[in-house]
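Enquirer: Take a look at protein_28.txt, compact mmCIF, C-alpha atoms:
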```txt
# COMPACT_ATOMS: atom_id res chain seq x y z
CA MET J 1 123.62 101.92 87.55
CA ILE J 2 121.90 101.57 90.91
CA ASN J 3 118.57 102.71 92.27
CA ASP J 4 118.36 105.25 95.09
CA TYR J 5 115.31 103.99 96.99
CA ASN J 6 115.17 106.73 99.66
CA ALA J 7 112.68 109.53 99.34
CA PHE J 8 114.07 112.17 97.05
CA ALA J 9 113.72 115.41 98.98
CA GLY J 10 114.87 117.72 96.20
CA ASN J 11 117.86 119.44 97.78
CA GLU J 12 121.61 118.92 97.55
CA ARG J 13 122.06 117.64 101.10
CA ASP J 14 119.35 115.06 100.75
CA ILE J 15 120.76 113.84 97.45
CA ALA J 16 124.24 113.44 98.92
CA SER J 17 122.82 111.69 101.95
CA SER J 18 120.68 109.38 99.89
CA LEU J 19 123.76 108.05 98.11
CA GLU J 20 125.64 107.16 101.31
CA THR J 21 124.02 103.75 101.63
CA ARG J 22 123.82 101.12 98.88
CA ARG J 23 120.32 99.88 98.24
CA SER J 24 119.39 96.24 97.80
CA GLY J 25 116.61 94.87 95.59
CA SER J 26 114.44 94.25 98.66
CA LEU J 27 114.21 97.96 99.50
CA ARG J 28 111.75 100.03 97.50
CA ARG J 29 111.60 103.75 96.94
CA ARG J 30 108.16 105.31 96.85
CA GLN J 31 107.29 105.70 93.18
CA THR J 32 104.29 105.76 90.92
CA ARG J 33 103.38 102.27 89.81
CA ILE J 34 103.74 101.96 86.07
CA THR J 35 101.88 99.35 84.07
CA PRO J 36 103.46 98.97 80.64
CA SER J 37 100.83 99.40 77.97
CA LYS J 38 100.56 97.03 75.05
CA HIS J 39 102.21 97.99 71.81
CA SER J 40 99.77 99.21 69.22
CA ALA J 41 99.73 100.79 65.81
CA ALA J 42 99.04 104.12 67.50
CA ARG J 43 102.61 104.14 68.79
CA GLY J 44 103.98 104.84 65.34
CA ARG J 45 104.32 102.98 62.12
CA GLU J 46 107.49 101.58 60.63
CA LEU J 47 108.79 103.75 57.84
CA GLN J 48 107.98 102.10 54.51
CA PRO J 49 109.47 102.96 51.12
CA HIS J 50 107.16 104.53 48.58
CA PRO J 51 105.71 101.92 46.16
CA THR J 52 107.46 103.66 43.30
CA GLU J 53 110.72 103.33 45.18
CA LEU J 54 110.10 99.63 45.64
CA ARG J 55 109.48 99.18 41.92
CA ARG J 56 112.66 101.05 41.08
CA SER J 57 114.62 99.02 43.61
CA SER J 58 113.38 95.75 42.22
CA THR J 59 115.05 96.47 38.88
CA VAL J 60 118.40 96.71 40.63
CA LEU J 61 118.20 94.19 43.45
CA SER J 62 117.17 90.59 43.39
CA ALA J 63 116.18 88.47 46.35
CA MET J 64 119.59 86.85 46.13
CA ASN J 65 121.28 90.26 46.43
CA VAL J 66 119.32 90.99 49.60
CA GLU J 67 120.25 87.65 51.18
CA LEU J 68 123.89 88.27 50.34
CA LEU J 69 123.68 91.66 51.99
CA ARG J 70 122.13 90.19 55.11
CA SER J 71 125.22 88.02 55.51
CA SER J 72 127.71 90.72 54.59
CA GLU J 73 130.16 91.85 57.26
CA ASP J 74 129.56 95.42 56.16
CA ARG J 75 125.76 95.27 56.40
CA ASP J 76 125.81 97.82 59.27
CA PHE J 77 126.36 100.50 56.66
CA ILE J 78 125.28 98.88 53.38
CA TYR J 79 122.01 97.12 54.23
CA PRO J 80 120.14 100.29 55.23
CA ALA J 81 121.02 101.60 51.77
CA LEU J 82 118.27 99.38 50.37
CA ARG J 83 115.70 101.97 51.38
CA TYR J 84 117.49 104.52 49.17
CA ALA J 85 117.91 102.24 46.12
CA GLY J 86 116.50 103.81 42.95
CA THR J 87 115.99 107.23 44.51
CA GLY J 88 118.98 108.76 42.75
CA LEU J 89 120.91 109.37 45.96
CA SER J 90 123.63 106.94 44.94
CA LYS J 91 124.28 103.86 42.90
CA PHE J 92 123.81 100.56 44.68
CA PRO J 93 125.72 98.81 46.16
CA SER J 94 128.45 101.36 46.78
CA PHE J 95 126.09 103.57 48.84
CA ARG J 96 128.58 106.41 48.81
CA ARG J 97 128.06 108.61 51.83
CA GLU J 98 129.46 111.60 49.98
CA ALA J 99 126.89 111.33 47.18
CA GLN J 100 124.04 110.97 49.65
CA THR J 101 125.24 113.84 51.78
CA ASP J 102 125.57 116.08 48.73
CA LYS J 103 122.08 115.15 47.49
CA ILE J 104 120.39 115.66 50.84
CA SER J 105 122.33 118.86 51.37
CA LYS J 106 120.88 120.19 48.10
CA MET J 107 117.41 119.06 49.17
CA ASN J 108 117.82 120.81 52.52
CA THR J 109 119.03 123.98 50.75
CA THR J 110 115.92 123.93 48.53
CA ASN J 111 113.67 123.34 51.55
CA LYS J 112 115.31 126.22 53.39
CA SER J 113 114.73 128.53 50.41
CA VAL J 114 111.06 127.59 50.32
CA LEU J 115 110.77 128.20 54.05
CA ILE J 116 112.41 131.62 53.76
CA ILE J 117 109.99 132.64 50.99
CA LEU J 118 107.05 131.34 53.01
CA THR J 119 108.17 133.16 56.14
CA VAL J 120 108.71 136.46 54.29
CA ALA J 121 105.27 136.18 52.71
CA MET J 122 103.68 135.58 56.10
CA PHE J 123 105.50 138.61 57.53
CA ALA J 124 104.13 140.74 54.69
CA MET J 125 100.57 139.52 55.27
CA THR J 126 100.90 140.16 58.98
CA SER J 127 102.19 143.69 58.36
CA CYS J 128 99.39 144.50 55.91
CA GLY J 129 96.78 143.16 58.29
CA GLY J 130 97.57 145.82 60.87
CA THR J 131 98.58 143.39 63.62
CA SER J 132 100.13 144.73 66.79
CA GLU J 133 103.13 142.38 66.46
CA LYS J 134 106.47 144.14 66.11
CA LYS J 135 107.36 144.40 62.43
CA GLY J 136 109.86 141.74 61.37
CA THR J 137 109.28 139.56 64.45
CA PRO J 138 107.90 136.06 63.65
CA THR J 139 104.64 135.21 65.35
CA LYS J 140 104.15 131.94 67.21
CA GLU J 141 102.16 130.55 64.30
CA GLN J 142 104.89 131.46 61.82
CA THR J 143 107.55 129.83 63.98
CA ASN J 144 105.46 126.68 64.22
CA VAL J 145 105.23 126.46 60.41
CA VAL J 146 109.03 126.60 60.14
CA GLU J 147 109.42 124.01 62.92
CA GLN J 148 107.02 121.61 61.24
CA GLU J 149 108.88 121.83 57.92
CA ARG J 150 112.32 121.03 59.32
CA PHE J 151 113.81 117.88 57.90
CA ILE J 152 114.11 115.08 60.45
CA PRO J 153 116.14 112.12 59.20
CA PRO J 154 114.37 108.74 59.31
CA PHE J 155 115.45 106.29 62.01
CA ASP J 156 115.98 102.77 60.69
CA ALA J 157 114.93 100.28 63.39
CA ASP J 158 116.51 97.28 61.63
CA SER J 159 119.83 99.07 61.32
CA ALA J 160 119.80 99.99 65.03
CA TYR J 161 118.94 96.40 65.96
CA ASN J 162 121.86 95.17 63.87
CA PHE J 163 124.21 97.56 65.69
CA VAL J 164 123.01 96.08 68.99
CA ARG J 165 123.47 92.52 67.75
CA ARG J 166 126.99 93.21 66.50
CA GLN J 167 128.04 94.32 69.99
CA VAL J 168 126.45 91.30 71.67
CA ASP J 169 128.27 89.02 69.23
CA PHE J 170 131.56 90.04 70.86
CA GLY J 171 130.35 88.53 74.15
CA PRO J 172 130.50 90.33 77.52
CA ARG J 173 132.35 93.65 77.03
CA VAL J 174 134.05 93.64 80.43
CA PRO J 175 137.08 95.92 80.92
CA ASN J 176 140.49 94.22 80.63
CA THR J 177 139.15 91.46 78.35
CA PRO J 178 139.80 90.68 74.66
CA ALA J 179 136.07 91.06 73.93
CA ALA J 180 136.12 94.63 75.24
CA LYS J 181 139.19 95.47 73.15
CA ALA J 182 137.60 94.02 69.99
CA CYS J 183 134.32 95.84 70.58
CA ALA J 184 136.12 99.15 71.18
CA GLU J 185 137.86 98.77 67.81
CA TYR J 186 134.51 98.08 66.16
CA LEU J 187 132.90 101.16 67.75
CA VAL J 188 135.80 103.43 66.78
CA GLY J 189 135.78 102.11 63.23
CA THR J 190 132.01 102.47 62.87
CA LEU J 191 131.91 106.01 64.24
CA SER J 192 134.83 106.93 61.97
CA ARG J 193 132.67 106.18 58.94
CA PHE J 194 130.00 108.62 60.09
CA CYS J 195 131.49 111.38 62.27
CA ASP J 196 133.75 114.31 61.40
CA THR J 197 136.19 113.41 64.16
CA VAL J 198 136.59 110.46 66.52
CA VAL J 199 138.80 110.49 69.61
CA THR J 200 139.40 107.89 72.28
CA GLN J 201 140.04 108.78 75.89
CA ALA J 202 142.10 106.05 77.55
CA PHE J 203 142.27 106.02 81.33
CA LYS J 204 143.06 103.80 84.28
CA THR J 205 140.81 103.54 87.29
CA TYR J 206 140.28 101.42 90.39
CA SER J 207 137.26 99.17 90.78
CA PHE J 208 135.41 98.62 94.06
CA ASP J 209 137.90 95.86 94.99
CA ARG J 210 140.93 97.96 93.94
CA THR J 211 141.44 96.13 90.66
CA ILE J 212 143.17 98.40 88.13
CA LEU J 213 140.93 98.71 85.08
CA ASP J 214 141.92 99.98 81.64
CA GLY J 215 139.02 102.09 80.38
CA GLN J 216 138.35 103.81 77.08
CA ASN J 217 135.73 106.47 76.42
CA ILE J 218 134.94 106.89 72.71
CA ILE J 219 133.76 110.25 71.33
CA GLY J 220 132.52 110.94 67.80
CA SER J 221 131.72 114.54 66.84
CA PHE J 222 129.67 116.32 64.18
CA ASN J 223 130.28 119.98 63.35
CA PRO J 224 133.21 120.20 65.79
CA ASP J 225 133.59 123.95 65.18
CA ARG J 226 130.03 124.83 66.22
CA GLN J 227 129.81 126.64 69.52
CA LYS J 228 126.37 125.35 70.43
CA ARG J 229 126.71 121.67 71.26
CA ILE J 230 124.62 118.76 72.48
CA PHE J 231 126.03 115.44 73.64
CA LEU J 232 124.33 112.06 73.38
CA ALA J 233 125.71 109.23 75.48
CA ALA J 234 125.44 105.57 76.49
CA HIS J 235 127.76 103.13 78.23
CA TRP J 236 129.32 100.42 76.06
CA ASP J 237 130.70 98.08 78.72
CA SER J 238 128.69 95.22 80.23
CA ARG J 239 128.30 94.00 83.80
CA PRO J 240 131.11 91.63 84.97
CA PHE J 241 128.76 89.88 87.43
CA ALA J 242 125.27 88.43 87.04
CA ASP J 243 124.71 89.30 90.69
CA ASN J 244 120.95 89.58 90.28
CA ASP J 245 120.57 86.18 88.63
CA PRO J 246 118.13 83.84 90.40
CA ASP J 247 120.82 81.13 90.39
CA PRO J 248 123.58 82.02 92.89
CA ASN J 249 126.01 79.89 90.89
CA ASN J 250 125.86 82.53 88.14
CA HIS J 251 126.65 85.51 90.33
CA LYS J 252 130.32 85.60 89.27
CA THR J 253 129.53 85.20 85.56
CA PRO J 254 129.64 88.26 83.25
CA ILE J 255 126.50 89.17 81.31
CA LEU J 256 125.95 89.95 77.63
CA GLY J 257 124.27 93.27 78.37
CA ALA J 258 122.13 93.43 75.24
CA ASN J 259 119.71 95.85 76.88
CA ASP J 260 121.92 97.15 79.68
CA GLY J 261 124.60 98.73 77.51
CA ALA J 262 124.34 97.65 73.87
CA SER J 263 120.83 99.03 73.27
CA GLY J 264 121.77 102.65 73.94
CA VAL J 265 124.93 102.36 71.85
CA GLY J 266 122.94 100.78 69.00
CA VAL J 267 120.48 103.69 68.94
CA LEU J 268 123.30 106.22 68.91
CA LEU J 269 125.18 104.45 66.10
CA GLU J 270 122.05 104.64 63.95
CA ILE J 271 121.65 108.31 64.86
CA ALA J 272 125.27 108.87 63.83
CA ARG J 273 124.59 107.14 60.51
CA GLN J 274 121.63 109.43 59.86
CA MET J 275 123.60 112.54 60.84
CA ALA J 276 126.25 111.61 58.27
CA LEU J 277 123.51 111.80 55.63
CA ALA J 278 121.75 114.94 56.88
CA ARG J 279 123.71 117.31 59.07
CA PRO J 280 122.13 118.85 62.18
CA GLU J 281 122.43 122.60 62.66
CA VAL J 282 124.16 122.27 66.03
CA GLY J 283 127.34 120.52 67.05
CA VAL J 284 126.74 117.00 68.34
CA ASP J 285 129.07 114.77 70.34
CA ILE J 286 128.25 111.07 70.66
CA ILE J 287 129.98 109.63 73.72
CA PHE J 288 130.33 105.96 74.63
CA PHE J 289 131.34 105.70 78.28
CA ASP J 290 133.35 102.75 79.56
CA VAL J 291 133.35 101.13 83.02
CA GLU J 292 129.84 102.23 83.94
CA ASP J 293 128.67 98.84 85.19
CA TYR J 294 131.63 97.71 87.33
CA GLY J 295 129.99 98.78 90.59
CA ALA J 296 130.19 96.63 93.68
CA PRO J 297 128.06 93.46 93.50
CA GLN J 298 125.12 93.11 95.85
CA ASP J 299 126.93 90.73 98.19
CA ALA J 300 130.11 92.85 98.42
CA GLN J 301 131.09 94.41 101.72
CA ASN J 302 132.16 97.65 100.03
CA GLN J 303 128.94 99.29 98.86
CA GLU J 304 130.14 102.79 97.96
CA SER J 305 127.90 104.32 95.31
CA ASP J 306 130.80 106.03 93.50
CA THR J 307 132.10 102.69 92.23
CA TRP J 308 129.62 103.12 89.35
CA GLY J 309 129.99 105.28 86.24
CA LEU J 310 133.77 105.41 86.40
CA GLY J 311 134.23 106.36 82.75
CA ALA J 312 131.71 109.19 83.05
CA GLN J 313 133.40 110.39 86.24
CA HIS J 314 136.72 110.55 84.42
CA TRP J 315 135.22 112.41 81.44
CA ALA J 316 133.32 114.86 83.67
CA LYS J 317 136.59 115.81 85.38
CA THR J 318 138.73 115.79 82.23
CA PRO J 319 136.60 116.18 79.06
CA HIS J 320 137.94 115.09 75.68
CA ALA J 321 138.22 118.76 74.61
CA PRO J 322 139.64 121.58 76.77
CA ALA J 323 136.95 123.74 78.38
CA TYR J 324 134.26 121.59 76.77
CA LYS J 325 130.73 122.94 77.12
CA ALA J 326 127.41 121.62 75.90
CA SER J 327 123.95 123.10 76.16
CA PHE J 328 122.65 119.79 77.48
CA GLY J 329 123.10 116.04 77.27
CA ILE J 330 120.89 112.98 76.83
CA LEU J 331 121.93 109.62 78.26
CA LEU J 332 120.38 106.38 76.98
CA ASP J 333 120.38 103.31 79.21
CA MET J 334 118.32 100.13 78.83
CA VAL J 335 116.24 101.43 75.92
CA GLY J 336 115.52 98.23 74.00
CA ASP J 337 112.96 96.16 75.92
CA HIS J 338 109.75 94.98 74.21
CA GLN J 339 107.56 96.58 76.90
CA ALA J 340 109.69 99.60 77.77
CA GLN J 341 108.43 102.77 79.39
CA PHE J 342 110.55 105.73 80.36
CA PRO J 343 109.16 107.72 83.29
CA ILE J 344 111.11 110.79 84.38
CA GLU J 345 114.18 109.69 86.32
CA ALA J 346 114.45 111.70 89.55
CA PHE J 347 118.03 113.01 89.28
CA SER J 348 117.24 114.18 85.74
CA ASN J 349 114.23 116.06 87.05
CA TYR J 350 116.29 117.69 89.80
CA TYR J 351 119.36 118.73 87.81
CA ALA J 352 117.90 119.21 84.32
CA ASN J 353 114.19 119.92 84.64
CA LYS J 354 114.07 122.13 81.53
CA ILE J 355 115.67 119.39 79.42
CA VAL J 356 113.27 116.83 80.86
CA LYS J 357 110.39 119.01 79.71
CA LYS J 358 111.97 119.42 76.27
CA VAL J 359 112.45 115.66 75.74
CA TRP J 360 109.21 114.38 77.27
CA ASP J 361 107.15 117.10 75.53
CA MET J 362 108.76 116.13 72.22
CA ALA J 363 107.88 112.47 72.78
CA GLU J 364 104.28 113.47 73.39
CA GLN J 365 104.19 115.72 70.30
CA ILE J 366 105.32 112.98 67.92
CA GLY J 367 102.94 110.38 69.34
CA TYR J 368 105.06 108.51 71.87
CA GLY J 369 103.56 109.85 75.08
CA ASP J 370 102.64 106.37 76.29
CA TYR J 371 106.31 105.37 76.12
CA PHE J 372 107.33 108.54 77.99
CA PRO J 373 104.85 108.99 80.86
CA LYS J 374 105.27 112.27 82.71
CA THR J 375 105.52 110.63 86.12
CA GLU J 376 108.62 110.72 88.27
CA GLY J 377 110.46 107.46 88.84
CA ALA J 378 113.39 106.48 91.00
CA ALA J 379 116.71 108.34 91.35
CA ILE J 380 119.34 106.26 89.55
CA THR J 381 123.09 106.57 90.12
CA ASP J 382 124.07 106.46 86.46
CA ASP J 383 126.51 108.30 84.20
CA HIS J 384 124.29 111.38 84.01
CA TYR J 385 124.48 111.89 87.79
CA TYR J 386 128.23 112.55 87.67
CA ILE J 387 128.00 114.74 84.58
CA ASN J 388 125.38 116.90 86.28
CA LYS J 389 127.30 116.93 89.55
CA ILE J 390 130.87 117.38 88.30
CA ALA J 391 130.67 118.93 84.82
CA ASN J 392 127.53 121.02 85.51
CA ILE J 393 126.03 120.09 82.15
CA PRO J 394 122.26 119.54 82.49
CA THR J 395 121.79 115.92 81.45
CA VAL J 396 118.74 113.67 81.42
CA ASN J 397 118.62 109.88 81.57
CA ILE J 398 116.19 108.04 79.31
CA ILE J 399 116.07 104.74 81.19
CA HIS J 400 113.52 101.95 81.46
CA LEU J 401 112.24 101.83 85.06
CA ARG J 402 110.07 99.00 86.37
CA PRO J 403 109.15 99.52 90.04
CA ASP J 404 106.72 96.58 89.81
CA SER J 405 109.47 94.09 88.90
CA LYS J 406 110.98 91.48 91.22
CA ASN J 407 114.00 93.66 91.94
CA GLY J 408 111.84 96.76 92.42
CA SER J 409 113.78 98.87 89.96
CA PHE J 410 114.35 97.51 86.48
CA VAL J 411 113.33 94.60 84.27
CA ASP J 412 113.48 91.15 85.84
CA TYR J 413 116.47 90.10 83.70
CA TRP J 414 118.54 93.11 84.80
CA HIS J 415 122.06 91.97 85.76
CA THR J 416 121.25 88.35 84.93
CA LEU J 417 122.37 85.96 82.20
CA LYS J 418 119.01 86.52 80.50
CA ASP J 419 120.00 90.00 79.29
CA ASP J 420 120.46 88.82 75.71
CA ILE J 421 119.39 89.80 72.21
CA SER J 422 115.96 88.14 72.59
CA ASN J 423 114.91 91.06 74.81
CA ILE J 424 115.61 93.71 72.17
CA SER J 425 112.70 95.26 70.26
CA PRO J 426 113.45 97.19 67.04
CA GLU J 427 110.21 99.11 67.64
CA THR J 428 111.41 100.42 71.02
CA LEU J 429 114.81 101.34 69.59
CA LYS J 430 112.99 103.33 66.91
CA VAL J 431 110.79 105.16 69.41
CA VAL J 432 113.81 106.33 71.42
CA GLY J 433 115.80 107.16 68.31
CA GLU J 434 113.03 109.26 66.78
CA VAL J 435 112.53 111.22 70.00
CA VAL J 436 116.25 112.03 70.23
CA LEU J 437 116.50 112.94 66.53
CA ASN J 438 113.53 115.31 66.82
CA VAL J 439 115.04 116.99 69.88
CA VAL J 440 118.42 117.50 68.18
CA TYR J 441 117.18 118.61 64.76
CA LYS J 442 114.71 121.10 66.20
CA GLU J 443 117.40 122.92 68.13
```
Rewrite the structure of this file - the entire thing - as structure tokens.

Expert:
Amino acid sequence: MINDYNAFAGNERDIASSLETRRSGSLRRRQTRITPSKHSAARGRELQPHPTELRRSSTVLSAMNVELLRSSEDRDFIYPALRYAGTGLSKFPSFRREAQTDKISKMNTTNKSVLIILTVAMFAMTSCGGTSEKKGTPTKEQTNVVEQERFIPPFDADSAYNFVRRQVDFGPRVPNTPAAKACAEYLVGTLSRFCDTVVTQAFKTYSFDRTILDGQNIIGSFNPDRQKRIFLAAHWDSRPFADNDPDPNNHKTPILGANDGASGVGVLLEIARQMALARPEVGVDIIFFDVEDYGAPQDAQNQESDTWGLGAQHWAKTPHAPAYKASFGILLDMVGDHQAQFPIEAFSNYYANKIVKKVWDMAEQIGYGDYFPKTEGAAITDDHYYINKIANIPTVNIIHLRPDSKNGSFVDYWHTLKDDISNISPETLKVVGEVVLNVVYKE
């Protein structure tokens, strides 16, 4: 992604004009200065098992079992099962998804029955009280009660972190490399364990220097027959050049992209795991875009902005499903830093203002307002720009912006060899994951 540093005038001609010229790190767009606040307990507590659950678990699992799980190749799916041990959802260590899904489905059915009874009782009281509300129409207070009782799956920060680490372990996921091929197989296999359907969208595209790249978008879907749909997206490739590295000798070296790429995918894999256990009401498509970060390096003569987000451009023109439509989309990019803040990205505000309000209001409601300040940041040429522009699906970008950094846009290690796993915070992954889960499950 790149930063559009020109003033964002708020009309189509100005947007198109602002993308004509590539911006360097020395140019700065006028933005509100953001000072990341320190992490505190007020930002949310880690989910802890009930003491009774811990006692039950201890009769099944020993410390040796846990250590064995930590080293297991299948810990992406099995290790988070520890939190469910002894709850009756399934027998450890098989952690059968079917048993869990059936149990939670029954729990949700019971909860829904209770809610229906509660709502009917409230309607009756309202009717008897002589209110002027139309009979049979829920009041705002009644709707709020139902909203508050909706089941929101827990987001496991350790599981999400492990999904990030597994990607980084493949090395730089640059198109046309063995590491990219291996990582794609891992992502397809992991989504296949959680989603109803998984499809891959292979394509060929030209890079800024006319290199032919083999790309692969990966799409996992829940409730594929539902008409109302939401898509959640991130790019899974990593930058082929460390062109922002302070050492010029590293400018041709590919980066690991732990934050810039793997963090968003890690959050979405954990969301997919939770959705397999507790189905959302709407249809959800999780999309991993390829070839997002192959844009022209800073010292290249060709500085066309459309050399970025090539996988998203391909999908926006030819979606994975004919006549695909979604109510809205949420893109995650660079969502793992220890001191992350996510001001409102300017293209998101222009193309999808209602969705911006929905997401940032939700973050505030669940206690993460300091992570999601309601100030407008820079306009970033990222995957969401092309989806808004070409596919006309209102899409917002949750992206960590740092106008006070050395490059004037993002964290100091952006597009450098320092973008490694040490920069990933499970707490930040959890914040973003919980916001997205609340948005989806309250639709």

Enquirer: Restricting the calculation to all atoms listed in the file, which member of J:Tyr351, J:Ile152, J:Leu332, J:Asn397 is positioned closest to Ile366 (chain J)?

Expert: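 Nearest candidate to Ile366 (chain J) out of J:Tyr351, J:Ile152, J:Leu332, J:Asn397: J:Ile152.
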
Enquirer: Mind pulling up the distance from CA of Phe194 (chain J) to CA of Asp156 (chain J)?

Expert: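 Value for the CA of Asp156 (chain J)-CA of Phe194 (chain J) distance: 15.2 Å.
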
Enquirer: Looking at only C-alpha atoms, which of J:Asp237, J:Glu443, J:Asp196, J:Glu304 is the one that sits closest to Asp214 (chain J)?

Expert: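 Closest candidate: J:Asp237.
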
Enquirer: Taking the point (134.1, 124.0, 64.4) as given in the file, collect each protein or nucleic acid residue that comes within 12 Å of it, counting all atoms listed in the file, and present the set as an mmCIF file with C-alpha atoms, in the coordinates of the input.

Expert:
```
data_model
loop_
_atom_site.group_PDB
_atom_site.id
_atom_site.type_symbol
_atom_site.label_atom_id
_atom_site.label_comp_id
_atom_site.auth_asym_id
_atom_site.auth_seq_id
_atom_site.Cartn_x
_atom_site.Cartn_y
_atom_site.Cartn_z
ATOM 1 C CA ASP J 196 133.750 114.310 61.400
ATOM 2 C CA THR J 197 136.190 113.410 64.160
ATOM 3 C CA SER J 221 131.720 114.540 66.840
ATOM 4 C CA PHE J 222 129.670 116.320 64.180
ATOM 5 C CA ASN J 223 130.280 119.980 63.350
ATOM 6 C CA PRO J 224 133.210 120.200 65.790
ATOM 7 C CA ASP J 225 133.590 123.950 65.180
ATOM 8 C CA ARG J 226 130.030 124.830 66.220
ATOM 9 C CA GLN J 227 129.810 126.640 69.520
ATOM 10 C CA LYS J 228 126.370 125.350 70.430
ATOM 11 C CA ARG J 229 126.710 121.670 71.260
ATOM 12 C CA GLU J 281 122.430 122.600 62.660
ATOM 13 C CA VAL J 282 124.160 122.270 66.030
ATOM 14 C CA GLY J 283 127.340 120.520 67.050
ATOM 15 C CA VAL J 284 126.740 117.000 68.340
#
```

Enquirer: Show me, as an MDAnalysis selection string, the residues that have an atom within 10 Å of Cys183 (chain J) when counting all atoms listed in the file, minus same-chain residues fewer than 2 positions from it.

Expert: chainID J and resid 166:173 178:181 185:189 236:237

Enquirer: So, counting only C-alpha atoms, which residue among J:Ala312, J:Ile255, J:Ile287, J:Val431 is closest to Phe203 (chain J)?

Expert: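 Distance minimum relative to Phe203 (chain J) lands on J:Ala312.
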
Enquirer: What gap, in Å, lies between CA of Ile271 (chain J) and CA of Phe155 (chain J)?

Expert: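 Separation of CA of Ile271 (chain J) and CA of Phe155 (chain J): 7.1 Å.
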
Enquirer: Quick test: take region 145-190 of chain J, keep C-alpha atoms, and write it as a short mmCIF file (atom, residue, chain, number, x, y, z; two decimals), in the first residue's frame.

Expert:
```
data_model
loop_
_atom_site.label_atom_id
_atom_site.label_comp_id
_atom_site.auth_asym_id
_atom_site.auth_seq_id
_atom_site.Cartn_x
_atom_site.Cartn_y
_atom_site.Cartn_z
CA VAL J 145 -31.82 -5.94 25.08
CA VAL J 146 -31.78 -8.41 22.19
CA GLU J 147 -28.54 -6.92 20.82
CA GLN J 148 -26.82 -7.20 24.17
CA GLU J 149 -27.77 -10.87 24.54
CA ARG J 150 -26.42 -11.98 21.16
CA PHE J 151 -23.66 -14.53 21.42
CA ILE J 152 -20.29 -13.20 20.30
CA PRO J 153 -17.63 -15.90 20.00
CA PRO J 154 -14.45 -15.33 22.04
CA PHE J 155 -11.33 -14.29 20.14
CA ASP J 156 -8.24 -16.25 21.19
CA ALA J 157 -5.20 -13.94 20.99
CA ASP J 158 -2.67 -16.77 21.34
CA SER J 159 -4.28 -18.70 18.51
CA ALA J 160 -4.20 -15.63 16.24
CA TYR J 161 -0.55 -15.00 17.13
CA ASN J 162 0.27 -18.59 16.24
CA PHE J 163 -1.42 -18.17 12.84
CA VAL J 164 0.79 -15.13 12.22
CA ARG J 165 3.93 -16.99 13.29
CA ARG J 166 3.15 -19.96 11.05
CA GLN J 167 3.05 -17.67 8.01
CA VAL J 168 6.30 -15.93 8.94
CA ASP J 169 7.98 -19.32 9.33
CA PHE J 170 7.62 -19.84 5.58
CA GLY J 171 9.85 -16.81 4.98
CA PRO J 172 9.00 -13.96 2.58
CA ARG J 173 5.78 -14.88 0.71
CA VAL J 174 6.78 -13.25 -2.58
CA PRO J 175 4.90 -14.29 -5.74
CA ASN J 176 6.67 -16.86 -7.94
CA THR J 177 8.66 -18.31 -5.02
CA PRO J 178 8.50 -21.72 -3.28
CA ALA J 179 7.71 -19.99 0.03
CA ALA J 180 4.61 -18.38 -1.48
CA LYS J 181 3.45 -21.71 -2.91
CA ALA J 182 3.93 -23.47 0.44
CA CYS J 183 2.13 -20.73 2.35
CA ALA J 184 -0.79 -20.78 -0.09
CA GLU J 185 -1.20 -24.51 0.51
CA TYR J 186 -1.17 -23.91 4.26
CA LEU J 187 -3.82 -21.18 4.01
CA VAL J 188 -6.08 -23.28 1.79
CA GLY J 189 -5.73 -26.27 4.09
CA THR J 190 -6.40 -24.22 7.23
#
```
